[in-house]
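Enquirer: Dropping a structure here in structure tokens format, bear with me for questions.
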Amino acid sequence: MTARTDALPTQEMTINMGPQHPSTHGVLRVILTTDGEVVTRAVPDVGYLHRGLEKIGERVTYAQFMPFTDRLDYLAAMNCNCAWAWAVEKLAKIEVPERAEYLRVIVCELNRISSHLIAFGSYTADMGAFTPFLYAIRERERVNDLFEMICGNRLTYNYARVGGVSGDAPPGFLEKTKEFLDYFEPKLDEYNNLISYNKIFVHRLANVAVIPAEEAVAYGLTGPNLRGSGVPFDLRKDEPYSVYPKFDFKVCVGTGERGKLGDCFDRYMVRINEMRESVKIVRQAVAQIPDGPVLAKVPRVFKPPVGEVYFRSECPRGETGIYLISDGSVNPYRLKIRTGSFVTMNLFEKVTRGLMIADIVAVIGSFDIILPEIDR
Amino acid sequence: MEAQAIFDTLQGKFGDAVVELQGEGFSPAFVVVAPAAVKEVSRFLKEDPDLSFDSLMCLSGVDYKEKFAVAYHLHSLKHRHAIGLKAMLPRENPSLPSVDDVWPAANFHEREAFDLFGIVFEGSKDLRRILLPEDWEGHPLRKDYKYPDFYHGIKV
């Protein structure tokens, strides 16, 4: 923007958005410097939810840290559970029974669906359409029912174990999962008809906060935010772990179908399409799941060998990377958890420059950030 | 490219600044470099067409008791290979050049390492505490950190 010298003098104003603001998806504080309705600078201030999980991790054993991973990203706790288990298994080179891996993939993908549902629902609510949020919550309840069936909990699951999962699927679980998939898949078309291509909704998202592919890579974006910029990178495909190579699914990328490639609409659409792919994966996993044990024999006093690993897994909000250093004792020597939302917030200031205040809400929603994952 | 080949390339280019290769027990392997050379090595890793490590996945501070370290996890979307880069720092006044103009992704990670370990990244465009309050004393992820009893009169 260039300032006009003959115009009325205006003063820049600093506005505090959050930390208690419904559209910041948690306790995110953004310090906005505005010139009228235009944001000249938006600086995110994070850390309100810092619980020191990495420090806690140095004081508990590998198994004891599992419930803490639930609190990393409470909308996708299964994915965080499994990421921790996979990281520790990579460190200690533990063979996991195949049935356990299948169960993990099933719950991870179901959790991806329920997490993307919240992303979809809360985003539409942020954009002024409240009804889809209720639809999303209705579907998510059914996923929660499934999780309650398999592990007894509805939000923080603590389901994975080092070496497998805490328990086998109860009788009827796989059938119920199939029922859910049959019920859920047509709903995605319903959402698209209801809201995705709604003219007002599209106008709020298209061409807003465009992130070119090179910038997305340079800033280390991962997950749907990276794919929204048209980069076909998905850890489940490109650095496969667990039993993901056995399943046929496609990597969804943004296509710039309503505006420039890499805008808010593309990131939104990637999540909608990914739910369909997750349905596909769960269907195949339920059909192919072998019989057998679900937990490998891991010693009670578990001491992994000395070493350092970095394990990357595809969580709904991007790559959750766990850098784990072991000194051979029962506690991790150091662990660092790199999360998708944390890295995304780094780009926030750059991408919001020059937008309207209302667009800031659109950007936060399109990134689908979650604060416990940023602050840890 | 394999870790050994990357190490040989780097050593050929930077000589003594490239200290050792940590291979056994490390996944991915780490190339240990002198702290002062971190920025040049990073730029080379990013810009060399055979390496082209275009993304910095993770940057972590580590307290190895006798020394601090900064560990960089790099990945190349073009070649689909990964490597770690590590710089060992003395406990007294740990500092090294910032890499945030090589990979803009570094900024938040560097702020976190500064906040929780007290490692100073020289030339960083914005080095402030990120997770803890600005007036917090000490750096909690250091192994010799003493927990405070009170913060502004509130029992911790």
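Residue numbers start at 1 in each chain; chains themselves are named A, B, ... in the order of the structure tokens; ligands are numbered from 1 in the order shown.
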For chain B against chain A, which residues fall within 10 Å using only C-alpha atoms, given as a PDB file with C-alpha atoms, in the first residue's frame?

Expert:
ATOM      1  CA  GLN B  22      27.371 -39.916  13.600  1.00  0.00           C
ATOM      2  CA  GLY B  23      26.028 -42.971  11.823  1.00  0.00           C
ATOM      3  CA  GLU B  24      25.683 -46.014  14.072  1.00  0.00           C
ATOM      4  CA  GLY B  25      22.571 -45.717  16.254  1.00  0.00           C
ATOM      5  CA  PHE B  26      21.455 -42.486  14.617  1.00  0.00           C
ATOM      6  CA  SER B  27      18.506 -42.283  12.301  1.00  0.00           C
ATOM      7  CA  PRO B  28      18.949 -40.168  10.283  1.00  0.00           C
ATOM      8  CA  ALA B  29      22.739 -39.900  10.515  1.00  0.00           C
ATOM      9  CA  PHE B  30      24.186 -36.626  11.760  1.00  0.00           C
ATOM     10  CA  PHE B  53      17.776 -29.865   1.093  1.00  0.00           C
ATOM     11  CA  ASP B  54      14.871 -27.531   0.607  1.00  0.00           C
ATOM     12  CA  SER B  55      13.108 -28.070   3.893  1.00  0.00           C
ATOM     13  CA  LEU B  56      14.181 -27.811   7.486  1.00  0.00           C
ATOM     14  CA  MET B  57      11.863 -30.226   9.240  1.00  0.00           C
ATOM     15  CA  CYS B  58      12.990 -29.696  12.782  1.00  0.00           C
ATOM     16  CA  LEU B  59      15.556 -27.765  14.772  1.00  0.00           C
ATOM     17  CA  SER B  60      16.162 -28.784  18.358  1.00  0.00           C
ATOM     18  CA  GLY B  61      18.363 -27.733  21.178  1.00  0.00           C
ATOM     19  CA  VAL B  62      19.938 -30.563  23.161  1.00  0.00           C
ATOM     20  CA  ASP B  63      21.727 -30.505  26.491  1.00  0.00           C
ATOM     21  CA  TYR B  64      24.411 -33.229  26.484  1.00  0.00           C
ATOM     22  CA  ALA B  71      20.328 -30.516  15.828  1.00  0.00           C
ATOM     23  CA  HIS B  73      16.722 -32.330  10.576  1.00  0.00           C
ATOM     24  CA  HIS B  75      14.777 -33.217   4.058  1.00  0.00           C
ATOM     25  CA  SER B  76      14.829 -32.790   0.327  1.00  0.00           C
ATOM     26  CA  LEU B  77      11.541 -32.918  -1.526  1.00  0.00           C
ATOM     27  CA  ARG B  80      13.605 -37.493  -1.181  1.00  0.00           C
ATOM     28  CA  HIS B  81      16.586 -37.932   1.097  1.00  0.00           C
ATOM     29  CA  GLY B  84      20.847 -34.458  10.233  1.00  0.00           C
ATOM     30  CA  ASP B 100      16.586 -18.293   9.187  1.00  0.00           C
ATOM     31  CA  ASP B 101      17.545 -16.662   5.909  1.00  0.00           C
ATOM     32  CA  VAL B 102      18.467 -20.057   4.484  1.00  0.00           C
ATOM     33  CA  TRP B 103      15.278 -21.743   5.663  1.00  0.00           C
ATOM     34  CA  PRO B 104      12.646 -19.266   6.919  1.00  0.00           C
ATOM     35  CA  ALA B 105      11.140 -22.201   8.831  1.00  0.00           C
ATOM     36  CA  ALA B 106      13.994 -21.914  11.314  1.00  0.00           C
ATOM     37  CA  ASN B 107      12.717 -18.822  13.067  1.00  0.00           C
ATOM     38  CA  PHE B 108      10.150 -20.334  15.432  1.00  0.00           C
ATOM     39  CA  HIS B 109      12.380 -23.305  16.197  1.00  0.00           C
ATOM     40  CA  LEU B 116      14.162 -23.244  26.577  1.00  0.00           C
ATOM     41  CA  ARG B 129      11.136 -15.939  24.047  1.00  0.00           C
ATOM     42  CA  ILE B 130       8.259 -17.789  22.457  1.00  0.00           C
ATOM     43  CA  LEU B 131       6.614 -20.197  24.883  1.00  0.00           C
ATOM     44  CA  LEU B 132       7.508 -18.746  28.269  1.00  0.00           C
ATOM     45  CA  PRO B 133       6.707 -15.258  29.563  1.00  0.00           C
ATOM     46  CA  PRO B 140      13.875 -24.978  31.713  1.00  0.00           C
ATOM     47  CA  LEU B 141      15.097 -27.667  29.338  1.00  0.00           C
ATOM     48  CA  ARG B 142      18.666 -27.358  30.582  1.00  0.00           C
ATOM     49  CA  LYS B 143      19.543 -30.370  32.673  1.00  0.00           C
TER      50      LYS B 143
END

Enquirer: Identify, with DSSP run on backbone atoms, the residues in stretch 18-128 of chain B assigned to alpha helix (DSSP H), and express the list as JSON, numbers by chain.

Expert: {"B": [38, 39, 40, 41, 42, 43, 44, 45, 46, 47, 106, 107, 108, 109, 110, 111, 112, 113, 114, 115, 116, 117]}

Enquirer: Can you spit out the residues from that selection as a PDB file, in the first residue's frame, using C-alpha atoms?

Expert:
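That gives us part.pdb:
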ATOM      1  CA  VAL B  38      26.702 -23.803  10.276  1.00  0.00           C
ATOM      2  CA  LYS B  39      25.397 -21.099   8.019  1.00  0.00           C
ATOM      3  CA  GLU B  40      27.740 -21.746   5.090  1.00  0.00           C
ATOM      4  CA  VAL B  41      27.185 -25.489   5.322  1.00  0.00           C
ATOM      5  CA  SER B  42      23.420 -24.947   5.446  1.00  0.00           C
ATOM      6  CA  ARG B  43      23.461 -22.717   2.427  1.00  0.00           C
ATOM      7  CA  PHE B  44      25.514 -25.269   0.511  1.00  0.00           C
ATOM      8  CA  LEU B  45      23.190 -28.097   1.542  1.00  0.00           C
ATOM      9  CA  LYS B  46      20.236 -26.117   0.303  1.00  0.00           C
ATOM     10  CA  GLU B  47      21.679 -24.762  -2.922  1.00  0.00           C
ATOM     11  CA  ALA B 106      13.994 -21.914  11.314  1.00  0.00           C
ATOM     12  CA  ASN B 107      12.717 -18.822  13.067  1.00  0.00           C
ATOM     13  CA  PHE B 108      10.150 -20.334  15.432  1.00  0.00           C
ATOM     14  CA  HIS B 109      12.380 -23.305  16.197  1.00  0.00           C
ATOM     15  CA  GLU B 110      15.303 -21.002  16.990  1.00  0.00           C
ATOM     16  CA  ARG B 111      13.120 -18.914  19.239  1.00  0.00           C
ATOM     17  CA  GLU B 112      12.118 -22.083  21.035  1.00  0.00           C
ATOM     18  CA  ALA B 113      15.721 -23.220  21.486  1.00  0.00           C
ATOM     19  CA  PHE B 114      16.600 -19.738  22.727  1.00  0.00           C
ATOM     20  CA  ASP B 115      13.682 -19.794  25.121  1.00  0.00           C
ATOM     21  CA  LEU B 116      14.162 -23.244  26.577  1.00  0.00           C
ATOM     22  CA  PHE B 117      17.964 -23.640  26.330  1.00  0.00           C
TER      23      PHE B 117
END

Enquirer: Measure the distance from atom CA of A:Leu146 to atom CA of A:Leu110 in Å and round it to one decimal.

Expert: 9.0 Å

Enquirer: List every residue of stretch 29-128 of chain B that DSSP, applied to the backbone, labels as strand (DSSP E or B), and write the result as a VMD selection string.

Expert: chain B and resid 30 to 33 55 to 63 68 to 75 82 to 89 95 to 97 120 to 122

Enquirer: By how many Å are atom CA of A:Pro67 and atom CA of B:Tyr151 apart?

Expert: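 Atom CA of A:Pro67 sits 27.6 Å away from atom CA of B:Tyr151.
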
Enquirer: At a cut-off of 6 Å, using only C-alpha atoms, what residues contact B:Ser98? Leave out same-chain residues fewer than 3 positions from it and give the result as a list in words.

Expert: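 What passes the distance filter is Phe121, Glu122, Gly123 and Ser124 of chain B.
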
Enquirer: Would you output that residue set with C-alpha atoms, as a PDB file, in the first residue's frame?

Expert:
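Contents of again_33.pdb, freshly written:
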ATOM      1  CA  PHE B 121      21.276 -17.470  17.285  1.00  0.00           C
ATOM      2  CA  GLU B 122      23.344 -14.586  15.972  1.00  0.00           C
ATOM      3  CA  GLY B 123      21.828 -12.560  13.176  1.00  0.00           C
ATOM      4  CA  SER B 124      18.339 -13.912  13.738  1.00  0.00           C
TER       5      SER B 124
END

Enquirer: Using only C-alpha atoms, find the one residue out of A:Thr156, A:Cys252, A:Pro299, A:Ile200 that sits nearest to A:Glu277.

Expert: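 Selected residue with least distance to A:Glu277: A:Cys252.
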
Enquirer: Extract, using only C-alpha atoms, all DNA, RNA and protein residues at most 7 Å from stretch 350-357 of chain A, discarding same-chain residues fewer than 3 positions from it, and format them as a VMD selection string.

Expert: chain A and resid 37 to 42 209 347 360

Enquirer: Which residue out of A:Gly365, A:Ile272, A:Gln11, A:Pro19 has the minimum interatomic distance to A:Gly36 when only C-alpha atoms are used?

Expert: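 Closest candidate: A:Gln11.
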
Enquirer: Find the residues near stretch 141-145 of chain A: any atom within 7 Å, counting only C-alpha atoms, skip ones fewer than 2 places away on the same chain, and give them as a ChimeraX atom specification.

Expert: /A:110,114,137-139,147-149,154

Enquirer: Residues of the last selection are to be written out with C-alpha atoms, as a PDB file, in the first residue's frame.

Expert:
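Saved to part04.pdb:
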ATOM      1  CA  LEU A 110     -11.004 -42.577  11.844  1.00  0.00           C
ATOM      2  CA  SER A 114     -13.147 -36.710  13.075  1.00  0.00           C
ATOM      3  CA  ILE A 137     -20.350 -32.774  15.471  1.00  0.00           C
ATOM      4  CA  ARG A 138     -23.140 -35.270  14.777  1.00  0.00           C
ATOM      5  CA  GLU A 139     -20.843 -37.367  12.599  1.00  0.00           C
ATOM      6  CA  PHE A 147     -13.406 -45.137  20.040  1.00  0.00           C
ATOM      7  CA  GLU A 148     -15.301 -45.598  23.265  1.00  0.00           C
ATOM      8  CA  MET A 149     -15.993 -49.142  22.157  1.00  0.00           C
ATOM      9  CA  ARG A 154     -14.007 -40.441  23.926  1.00  0.00           C
TER      10      ARG A 154
END
